[in-house]
$ cat data.txt   # compact mmCIF, C-alpha atoms
# COMPACT_ATOMS: atom_id res chain seq x y z
CA MET A 29 0.00 0.00 0.00
CA ASP A 30 2.82 2.45 0.84
CA ASP A 31 4.44 1.80 -2.57
CA LEU A 32 1.14 2.53 -4.35
CA MET A 33 0.71 5.78 -2.46
CA ARG A 34 4.26 6.85 -3.33
CA GLU A 35 3.56 6.13 -7.02
CA ALA A 36 0.38 8.20 -6.87
CA GLU A 37 2.14 11.14 -5.20
CA ALA A 38 4.89 11.08 -7.85
CA LEU A 39 2.30 11.29 -10.61
CA ARG A 40 0.57 14.24 -8.96
CA GLY A 41 3.67 16.33 -9.61
CA GLN A 42 3.41 15.90 -13.38
CA ARG A 43 1.67 18.03 -16.01
CA THR A 44 -1.46 19.98 -15.16
CA ASP A 45 -1.64 22.28 -18.23
CA VAL A 46 -4.97 22.35 -20.07
CA PRO A 47 -5.03 23.62 -23.69
CA ASN A 48 -7.71 25.82 -25.21
CA MET A 49 -9.88 23.50 -27.28
CA THR A 50 -13.23 24.40 -28.79
CA LEU A 51 -16.03 22.39 -30.35
CA THR A 52 -18.15 23.18 -33.37
CA ALA A 53 -21.79 22.48 -32.61
CA PRO A 54 -23.24 19.68 -34.75
CA LYS A 55 -26.31 20.27 -36.88
CA ALA A 56 -28.35 17.97 -34.66
CA LEU A 57 -28.22 15.02 -32.29
CA VAL A 58 -29.77 11.58 -32.48
CA GLU A 59 -30.48 9.76 -29.25
CA VAL A 60 -30.26 6.00 -29.71
CA TYR A 61 -31.96 3.84 -27.07
CA LEU A 62 -30.78 0.23 -27.24
CA HIS A 63 -33.35 -1.77 -25.32
CA GLN A 64 -32.95 -5.48 -26.02
CA GLY A 65 -32.52 -8.26 -28.56
CA ARG A 66 -34.69 -11.22 -29.42
CA ASN A 67 -34.11 -14.60 -31.09
CA LEU A 68 -30.38 -14.09 -31.62
CA PRO A 69 -28.48 -16.87 -33.39
CA GLU A 70 -26.42 -19.36 -31.43
CA ILE A 71 -22.68 -18.84 -31.92
CA THR A 72 -21.59 -22.46 -31.91
CA SER A 73 -17.85 -21.67 -31.97
CA ALA A 74 -18.10 -19.74 -28.70
CA SER A 75 -18.31 -21.25 -25.25
CA GLN A 76 -21.38 -19.13 -24.56
CA ASN A 77 -23.50 -16.54 -26.33
CA ASP A 78 -22.20 -13.13 -25.19
CA PHE A 79 -23.50 -10.22 -27.28
CA TYR A 80 -22.86 -6.49 -27.49
CA CYS A 81 -23.77 -3.72 -29.93
CA VAL A 82 -21.74 -1.00 -31.65
CA VAL A 83 -23.47 2.26 -32.56
CA GLU A 84 -21.96 4.24 -35.47
CA VAL A 85 -22.77 7.19 -37.73
CA THR A 86 -21.72 7.10 -41.38
CA GLY A 87 -19.22 9.75 -42.42
CA SER A 88 -17.91 10.27 -38.89
CA ARG A 89 -15.51 8.67 -36.43
CA GLN A 90 -18.19 8.17 -33.81
CA LEU A 91 -18.33 4.62 -32.49
CA TYR A 92 -19.87 3.53 -29.20
CA ASN A 93 -20.02 0.09 -27.60
CA SER A 94 -22.72 -1.24 -25.31
CA HIS A 95 -21.91 -3.54 -22.42
CA VAL A 96 -21.72 -7.30 -23.06
CA ALA A 97 -24.89 -9.24 -22.24
CA GLN A 98 -23.66 -12.66 -21.21
CA ASP A 99 -24.89 -16.11 -22.12
CA THR A 100 -28.33 -15.31 -23.55
CA LEU A 101 -30.08 -15.25 -26.92
CA HIS A 102 -32.50 -12.61 -25.60
CA PRO A 103 -30.14 -9.93 -24.20
CA VAL A 104 -31.29 -6.82 -22.38
CA TRP A 105 -29.00 -3.75 -22.55
CA ASN A 106 -31.19 -0.73 -21.71
CA GLU A 107 -28.48 1.74 -22.71
CA SER A 108 -28.65 5.04 -24.57
CA PHE A 109 -26.14 6.84 -26.77
CA GLN A 110 -26.18 10.36 -28.15
CA VAL A 111 -24.59 10.78 -31.59
CA LYS A 112 -23.80 13.92 -33.55
CA VAL A 113 -25.11 14.34 -37.09
CA GLY A 114 -24.00 16.92 -39.66
CA GLN A 115 -25.20 18.58 -42.82
CA ASN A 116 -25.21 15.38 -44.89
CA ASP A 117 -28.86 14.35 -45.34
CA ASP A 118 -27.78 10.83 -46.35
CA GLN A 119 -26.20 9.97 -43.00
CA MET A 120 -27.16 6.66 -41.40
CA VAL A 121 -27.10 5.40 -37.85
CA SER A 122 -26.03 1.75 -37.71
CA ILE A 123 -26.40 -0.59 -34.76
CA SER A 124 -24.20 -3.66 -35.29
CA LEU A 125 -24.42 -6.81 -33.19
CA PHE A 126 -21.26 -8.74 -32.27
CA ALA A 127 -20.62 -11.94 -30.37
CA GLU A 128 -17.68 -11.74 -27.96
CA ARG A 129 -15.23 -14.64 -28.30
CA ALA A 130 -12.39 -15.08 -25.82
CA GLY A 131 -8.98 -15.33 -27.48
CA ARG A 132 -10.39 -14.71 -30.96
CA ASP A 133 -11.77 -11.85 -33.02
CA ASP A 134 -15.34 -11.04 -32.09
CA LYS A 135 -17.89 -12.28 -34.61
CA PHE A 136 -20.11 -9.87 -36.56
CA VAL A 137 -23.69 -11.15 -36.39
CA GLY A 138 -25.89 -8.54 -38.05
CA VAL A 139 -26.78 -4.88 -38.36
CA VAL A 140 -29.72 -2.49 -38.31
CA VAL A 141 -29.32 0.67 -40.41
CA VAL A 142 -31.63 3.67 -39.88
CA PRO A 143 -31.54 6.81 -42.09
CA VAL A 144 -31.18 10.00 -40.03
CA ARG A 145 -33.50 11.79 -42.44
CA ARG A 146 -36.28 9.29 -41.73
CA VAL A 147 -36.02 9.80 -37.97
CA GLU A 148 -36.12 13.58 -38.39
CA ALA A 149 -39.24 13.35 -40.59
CA ALA A 150 -41.11 11.01 -38.22
CA PRO A 151 -43.87 12.35 -35.93
CA SER A 152 -42.19 14.17 -33.02
CA SER A 153 -38.87 13.28 -34.76
CA GLU A 154 -38.96 9.87 -33.09
CA GLU A 155 -39.26 6.29 -34.28
CA GLY A 156 -38.88 2.95 -32.60
CA GLY A 157 -39.89 -0.68 -32.38
CA TRP A 158 -38.43 -4.06 -33.27
CA TYR A 159 -35.93 -3.94 -36.15
CA GLU A 160 -34.88 -6.99 -38.16
CA MET A 161 -31.15 -7.48 -38.64
CA ARG A 162 -29.25 -8.13 -41.85
CA GLY A 163 -26.11 -10.25 -42.03
CA GLU A 164 -22.90 -9.97 -44.06
CA ASP A 165 -24.66 -11.16 -47.23
CA ASN A 166 -27.58 -8.76 -46.57
CA GLY A 167 -29.72 -11.78 -45.76
CA MET A 168 -32.06 -11.99 -42.80
CA VAL A 169 -30.47 -13.08 -39.51
CA SER A 170 -32.36 -15.79 -37.66
CA GLY A 171 -32.07 -17.64 -34.38
CA PRO A 172 -33.52 -20.94 -33.21
CA GLU A 173 -36.87 -19.26 -32.39
CA GLY A 174 -37.30 -17.01 -35.43
CA VAL A 175 -36.02 -13.81 -37.02
CA SER A 176 -33.39 -11.95 -34.97
CA LYS A 177 -34.42 -8.44 -33.96
CA LEU A 178 -33.25 -5.46 -31.90
CA GLU A 179 -35.65 -3.22 -30.01
CA LEU A 180 -34.61 0.41 -30.54
CA THR A 181 -35.88 3.95 -30.11
CA LEU A 182 -34.30 6.84 -32.03
CA LEU A 183 -34.96 10.52 -31.31
CA HIS A 184 -33.78 13.40 -33.51
CA LYS A 185 -33.29 16.71 -31.68
CA PRO A 186 -31.53 20.06 -32.16
CA ALA A 187 -28.06 20.61 -30.74
CA GLU A 188 -27.61 23.48 -28.31
CA PRO A 189 -25.00 25.87 -29.77
CA GLY A 190 -21.97 27.11 -27.85
CA LEU A 191 -21.32 24.13 -25.58
CA GLN A 192 -17.62 23.58 -24.95
CA PRO A 193 -15.67 20.53 -23.77
CA ARG A 194 -14.51 20.06 -20.21
CA MET A 195 -11.01 18.70 -19.86
CA GLY A 196 -8.22 18.15 -17.41
CA TRP A 197 -5.98 15.53 -15.82
CA LEU A 198 -6.88 12.51 -13.74
CA THR A 199 -4.74 10.14 -11.72
CA LYS A 200 -6.22 6.65 -11.79
CA ARG A 201 -5.14 3.14 -10.94
CA HIS A 202 -5.03 0.49 -13.66
CA ASN A 203 -7.53 -2.31 -13.01
CA LEU A 204 -5.08 -5.11 -13.87
CA THR A 205 -1.57 -3.87 -13.06
CA MET A 206 -2.73 -1.80 -10.04
CA LYS A 207 -0.23 0.88 -11.06
CA TRP A 208 -1.16 4.54 -10.93
CA GLU A 209 -1.51 6.30 -14.31
CA ARG A 210 -1.76 9.93 -15.36
CA ARG A 211 -4.41 10.54 -18.05
CA PHE A 212 -5.71 13.58 -19.88
CA PHE A 213 -9.50 13.55 -20.25
CA ILE A 214 -12.01 15.32 -22.48
CA LEU A 215 -15.73 15.39 -21.73
CA ASP A 216 -17.73 16.09 -24.91
CA PRO A 217 -21.04 17.75 -23.95
CA TYR A 218 -22.75 16.74 -27.18
CA ASN A 219 -22.24 12.99 -27.19
CA GLN A 220 -21.67 12.91 -23.41
CA MET A 221 -18.63 10.67 -23.64
CA LEU A 222 -15.64 10.92 -21.30
CA ARG A 223 -12.45 9.93 -23.15
CA PHE A 224 -8.93 9.40 -21.83
CA PHE A 225 -5.66 10.15 -23.66
CA ALA A 226 -1.96 10.00 -22.83
CA SER A 227 -1.64 13.79 -23.26
CA PRO A 228 -3.33 16.84 -24.84
CA GLU A 229 -1.07 16.39 -27.86
CA HIS A 230 -2.41 12.87 -28.38
CA ALA A 231 -5.98 14.14 -28.06
CA GLN A 232 -5.42 16.85 -30.69
CA SER A 233 -3.65 14.65 -33.26
CA SER A 234 -5.30 13.82 -36.59
CA SER A 235 -5.73 10.20 -35.46
CA PRO A 236 -6.07 10.37 -31.68
CA GLU A 237 -5.42 7.20 -29.71
CA ILE A 238 -8.19 6.80 -27.15
CA LEU A 239 -6.93 4.91 -24.10
CA GLY A 240 -10.37 4.52 -22.58
CA GLU A 241 -13.84 5.99 -22.57
CA MET A 242 -16.98 6.13 -20.49
CA ASN A 243 -20.58 6.80 -21.49
CA ILE A 244 -21.53 9.22 -18.72
CA ARG A 245 -25.22 8.98 -19.59
CA CYS A 246 -25.14 5.89 -17.36
CA CYS A 247 -23.08 7.46 -14.56
CA ASP A 248 -24.49 10.24 -12.37
CA VAL A 249 -21.28 10.48 -10.33
CA VAL A 250 -19.17 12.07 -13.08
CA THR A 251 -21.57 14.66 -14.47
CA GLY A 252 -20.06 17.37 -12.27
CA ILE A 253 -16.51 17.05 -13.68
CA SER A 254 -14.96 20.39 -14.58
CA LYS A 255 -11.19 20.99 -14.84
CA LEU A 256 -9.10 18.68 -12.72
CA GLY A 257 -5.36 18.75 -12.30
CA GLY A 258 -2.58 18.45 -9.79

$ encode --input "data.txt" --output "structure tokens"
Amino acid sequence: MDDLMREAEALRGQRTDVPNMTLTAPKALVEVYLHQGRNLPEITSASQNDFYCVVEVTGSRQLYNSHVAQDTLHPVWNESFQVKVGQNDDQMVSISLFAERAGRDDKFVGVVVVPVRRVEAAPSSEEGGWYEMRGEDNGMVSGPEGVSKLELTLLHKPAEPGLQPRMGWLTKRHNLTMKWERRFFILDPYNQMLRFFASPEHAQSSSPEILGEMNIRCCDVVTGISKLGG
């Protein structure tokens, strides 16, 4: 314990500078509610059926993972993600289903693709229900009890202009090595994601390497983060 505390104190003496970074407000936001799945296919090459979803927007680098629902063909996630959409009226929101496989690449199972324009034009700019998934060959995905589906709700809404990111430095302990680490964080107010980087320079590079992220829509305890350092 004394060694860990000494490591933490040494890290506290490192960088605390915070650069001036601004955000351009997106045209709009789409809230994606991922409720549950039904009749998912059995992944026979896996020891158990562990599924998660990846939410993406075409023409952007936005990509968000749900948690892994373990050992079930009828998973329940009950998670929400807020994605930014731009001026391109042809943008799509895709929700891809993957099966987690230990020691191997995760297996793509199927995808639901929803046009942003259709959500915006829907009554109250909202649509939802059970969506059938398509596989790699664009064919219907089926499980042992019928067609595989995801229950989703999508809501199109305006983006508030002028919001700016919150950023700073955090000292945290690695879950596996138990060593203390110094990380620069950025909290994006539009997609409400907290991302961790090695430094501000890494965060501002053309291809930033994200060391970790957290969807704060699920975490009340971090919504008050401002600038942290020291």

$ closest_residue --input "data.txt" --among "A:Val58, A:Val104, A:Ile244, A:Asn48" --to "Glu179 in chain A" --atoms "all atoms listed in the file"
A:Val104

$ closest_residue --input "data.txt" --among "A:Val140, A:Ala187, A:Ile238, A:Val96" --to "Gly114 in chain A" --atoms "only C-alpha atoms"
A:Ala187

$ residues_near_point --input "data.txt" --point "(-29.3, 20.5, -43.4)" --cutoff "10 Å" --atoms "all atoms listed in the file" --output "tab-separated table (two decimals) with C-alpha atoms, in the frame of the given file"
chain	number	residue	atom	x	y	z
A	55	LYS	CA	-26.31	20.27	-36.88
A	56	ALA	CA	-28.35	17.97	-34.66
A	113	VAL	CA	-25.11	14.34	-37.09
A	114	GLY	CA	-24.00	16.92	-39.66
A	115	GLN	CA	-25.20	18.58	-42.82
A	116	ASN	CA	-25.21	15.38	-44.89
A	117	ASP	CA	-28.86	14.35	-45.34
A	145	ARG	CA	-33.50	11.79	-42.44

$ atom_distance --input "data.txt" --atom1 "CA of Gly190 in chain A" --atom2 "CA of Met49 in chain A"
12.6 Å

$ residues_around --input "data.txt" --residues "Met161 in chain A" --least-positions-apart "4" --cutoff "9 Å" --atoms "all atoms listed in the file" --output "list in words"
Ser124, Leu125, Val137, Gly138, Val139, Val140, Val141, Asn166, Gly167, Met168, Val169, Ser170, Val175, Ser176, Lys177 and Leu178 of chain A

$ atom_distance --input "data.txt" --atom1 "CA of Leu191 in chain A" --atom2 "CA of Arg89 in chain A"
19.8 Å

$ atom_distance --input "data.txt" --atom1 "CA of Lys200 in chain A" --atom2 "CA of Glu241 in chain A"
13.2 Å

$ closest_residue --input "data.txt" --among "A:Thr181, A:Thr100, A:Gln110, A:Gln90" --to "Tyr159 in chain A" --atoms "only C-alpha atoms"
A:Thr181

$ residues_near_point --input "data.txt" --point "(-19.5, -7.7, -30.2)" --cutoff "10 Å" --atoms "all atoms listed in the file" --output "MDAnalysis selection string"
chainID A and resid 78:82 93:97 124:129 133:137

$ closest_residue --input "data.txt" --among "A:Leu57, A:Leu91, A:Leu68, A:Ile214" --to "Glu160 in chain A" --atoms "all atoms listed in the file"
A:Leu68

$ closest_residue --input "data.txt" --among "A:Thr44, A:Trp197, A:Glu84, A:His184" --to "Ser152 in chain A" --atoms "all atoms listed in the file"
A:His184

$ closest_residue --input "data.txt" --among "A:Ala130, A:Glu173, A:Leu182, A:Val111" --to "Gly156 in chain A" --atoms "all atoms listed in the file"
A:Leu182

$ residues_around --input "data.txt" --residues "Phe213 in chain A" --least-positions-apart "2" --cutoff "12 Å" --atoms "all atoms listed in the file" --output "ChimeraX atom specification"
/A:44-47,193-200,210-211,215-216,221-232,238-242,253-257

$ decode --input "data.txt" --residues "range 135-151 of chain A" --atoms "all heavy atoms" --output "tab-separated table (two decimals), in the first residue's frame"
chain	number	residue	atom	x	y	z
A	135	LYS	N	-17.17	-11.91	-33.39
A	135	LYS	CA	-17.89	-12.28	-34.61
A	135	LYS	C	-19.02	-11.29	-34.90
A	135	LYS	O	-19.89	-11.06	-34.05
A	135	LYS	CB	-18.47	-13.68	-34.49
A	135	LYS	CG	-19.25	-14.16	-35.72
A	135	LYS	CD	-19.76	-15.56	-35.54
A	135	LYS	CE	-20.62	-16.00	-36.72
A	135	LYS	NZ	-19.86	-15.95	-37.99
A	136	PHE	N	-19.00	-10.71	-36.11
A	136	PHE	CA	-20.11	-9.87	-36.56
A	136	PHE	C	-21.31	-10.76	-36.81
A	136	PHE	O	-21.23	-11.78	-37.49
A	136	PHE	CB	-19.72	-9.13	-37.83
A	136	PHE	CG	-20.88	-8.42	-38.50
A	136	PHE	CD1	-21.38	-7.24	-37.97
A	136	PHE	CD2	-21.47	-8.96	-39.64
A	136	PHE	CE1	-22.46	-6.60	-38.58
A	136	PHE	CE2	-22.54	-8.32	-40.26
A	136	PHE	CZ	-23.03	-7.13	-39.73
A	137	VAL	N	-22.48	-10.35	-36.26
A	137	VAL	CA	-23.69	-11.15	-36.39
A	137	VAL	C	-24.67	-10.51	-37.36
A	137	VAL	O	-25.19	-11.16	-38.27
A	137	VAL	CB	-24.36	-11.36	-35.02
A	137	VAL	CG1	-25.65	-12.16	-35.15
A	137	VAL	CG2	-23.40	-12.05	-34.06
A	138	GLY	N	-24.93	-9.23	-37.19
A	138	GLY	CA	-25.89	-8.54	-38.05
A	138	GLY	C	-25.95	-7.07	-37.73
A	138	GLY	O	-25.33	-6.59	-36.77
A	139	VAL	N	-26.73	-6.33	-38.52
A	139	VAL	CA	-26.78	-4.88	-38.36
A	139	VAL	C	-28.17	-4.35	-38.68
A	139	VAL	O	-28.89	-4.92	-39.51
A	139	VAL	CB	-25.73	-4.20	-39.27
A	139	VAL	CG1	-26.04	-4.45	-40.75
A	139	VAL	CG2	-25.62	-2.71	-38.98
A	140	VAL	N	-28.53	-3.28	-38.00
A	140	VAL	CA	-29.72	-2.49	-38.31
A	140	VAL	C	-29.24	-1.12	-38.75
A	140	VAL	O	-28.40	-0.51	-38.07
A	140	VAL	CB	-30.65	-2.35	-37.08
A	140	VAL	CG1	-31.77	-1.36	-37.36
A	140	VAL	CG2	-31.21	-3.70	-36.67
A	141	VAL	N	-29.72	-0.63	-39.88
A	141	VAL	CA	-29.32	0.67	-40.41
A	141	VAL	C	-30.56	1.56	-40.51
A	141	VAL	O	-31.57	1.18	-41.12
A	141	VAL	CB	-28.65	0.54	-41.79
A	141	VAL	CG1	-28.26	1.92	-42.32
A	141	VAL	CG2	-27.42	-0.35	-41.70
A	142	VAL	N	-30.49	2.75	-39.91
A	142	VAL	CA	-31.63	3.67	-39.88
A	142	VAL	C	-31.21	5.01	-40.47
A	142	VAL	O	-30.27	5.63	-39.97
A	142	VAL	CB	-32.15	3.88	-38.44
A	142	VAL	CG1	-33.35	4.81	-38.43
A	142	VAL	CG2	-32.49	2.54	-37.79
A	143	PRO	N	-31.87	5.50	-41.52
A	143	PRO	CA	-31.54	6.81	-42.09
A	143	PRO	C	-31.88	7.94	-41.11
A	143	PRO	O	-32.98	7.96	-40.55
A	143	PRO	CB	-32.40	6.90	-43.35
A	143	PRO	CG	-32.84	5.49	-43.64
A	143	PRO	CD	-32.92	4.81	-42.31
A	144	VAL	N	-30.94	8.86	-40.92
A	144	VAL	CA	-31.18	10.00	-40.03
A	144	VAL	C	-32.35	10.83	-40.54
A	144	VAL	O	-33.19	11.31	-39.76
A	144	VAL	CB	-29.90	10.86	-39.91
A	144	VAL	CG1	-30.19	12.16	-39.17
A	144	VAL	CG2	-28.79	10.08	-39.21
A	145	ARG	N	-32.44	10.99	-41.84
A	145	ARG	CA	-33.50	11.79	-42.44
A	145	ARG	C	-34.88	11.23	-42.10
A	145	ARG	O	-35.84	11.97	-41.89
A	145	ARG	CB	-33.29	11.84	-43.95
A	145	ARG	CG	-34.30	12.65	-44.73
A	145	ARG	CD	-33.82	12.92	-46.14
A	145	ARG	NE	-33.27	11.72	-46.76
A	145	ARG	CZ	-32.66	11.74	-47.94
A	145	ARG	NH1	-32.50	12.86	-48.61
A	145	ARG	NH2	-32.19	10.61	-48.46
A	146	ARG	N	-34.99	9.90	-42.04
A	146	ARG	CA	-36.28	9.29	-41.73
A	146	ARG	C	-36.69	9.56	-40.29
A	146	ARG	O	-37.87	9.79	-40.00
A	146	ARG	CB	-36.20	7.77	-41.99
A	146	ARG	CG	-37.56	7.07	-41.96
A	146	ARG	CD	-37.41	5.61	-42.26
A	146	ARG	NE	-36.90	4.85	-41.12
A	146	ARG	CZ	-36.43	3.62	-41.21
A	146	ARG	NH1	-36.35	3.01	-42.38
A	146	ARG	NH2	-36.01	2.98	-40.12
A	147	VAL	N	-35.71	9.52	-39.37
A	147	VAL	CA	-36.02	9.80	-37.97
A	147	VAL	C	-36.47	11.25	-37.81
A	147	VAL	O	-37.44	11.54	-37.11
A	147	VAL	CB	-34.79	9.52	-37.08
A	147	VAL	CG1	-35.11	9.82	-35.62
A	147	VAL	CG2	-34.32	8.09	-37.23
A	148	GLU	N	-35.77	12.16	-38.48
A	148	GLU	CA	-36.12	13.58	-38.39
A	148	GLU	C	-37.53	13.85	-38.91
A	148	GLU	O	-38.26	14.69	-38.38
A	148	GLU	CB	-35.11	14.41	-39.17
A	148	GLU	CG	-35.32	15.91	-39.07
A	148	GLU	CD	-34.28	16.70	-39.84
A	148	GLU	OE1	-33.52	16.09	-40.62
A	148	GLU	OE2	-34.22	17.94	-39.65
A	149	ALA	N	-37.94	13.12	-39.96
A	149	ALA	CA	-39.24	13.35	-40.59
A	149	ALA	C	-40.39	12.65	-39.87
A	149	ALA	O	-41.56	12.90	-40.16
A	149	ALA	CB	-39.21	12.90	-42.05
A	150	ALA	N	-40.07	11.76	-38.93
A	150	ALA	CA	-41.11	11.01	-38.22
A	150	ALA	C	-41.88	11.93	-37.28
A	150	ALA	O	-41.40	13.00	-36.89
A	150	ALA	CB	-40.47	9.87	-37.44
A	151	PRO	N	-43.11	11.55	-36.90
A	151	PRO	CA	-43.87	12.35	-35.93
A	151	PRO	C	-43.07	12.55	-34.65
A	151	PRO	O	-42.52	11.59	-34.09
A	151	PRO	CB	-45.12	11.49	-35.68
A	151	PRO	CG	-45.28	10.69	-36.94
A	151	PRO	CD	-43.88	10.40	-37.41
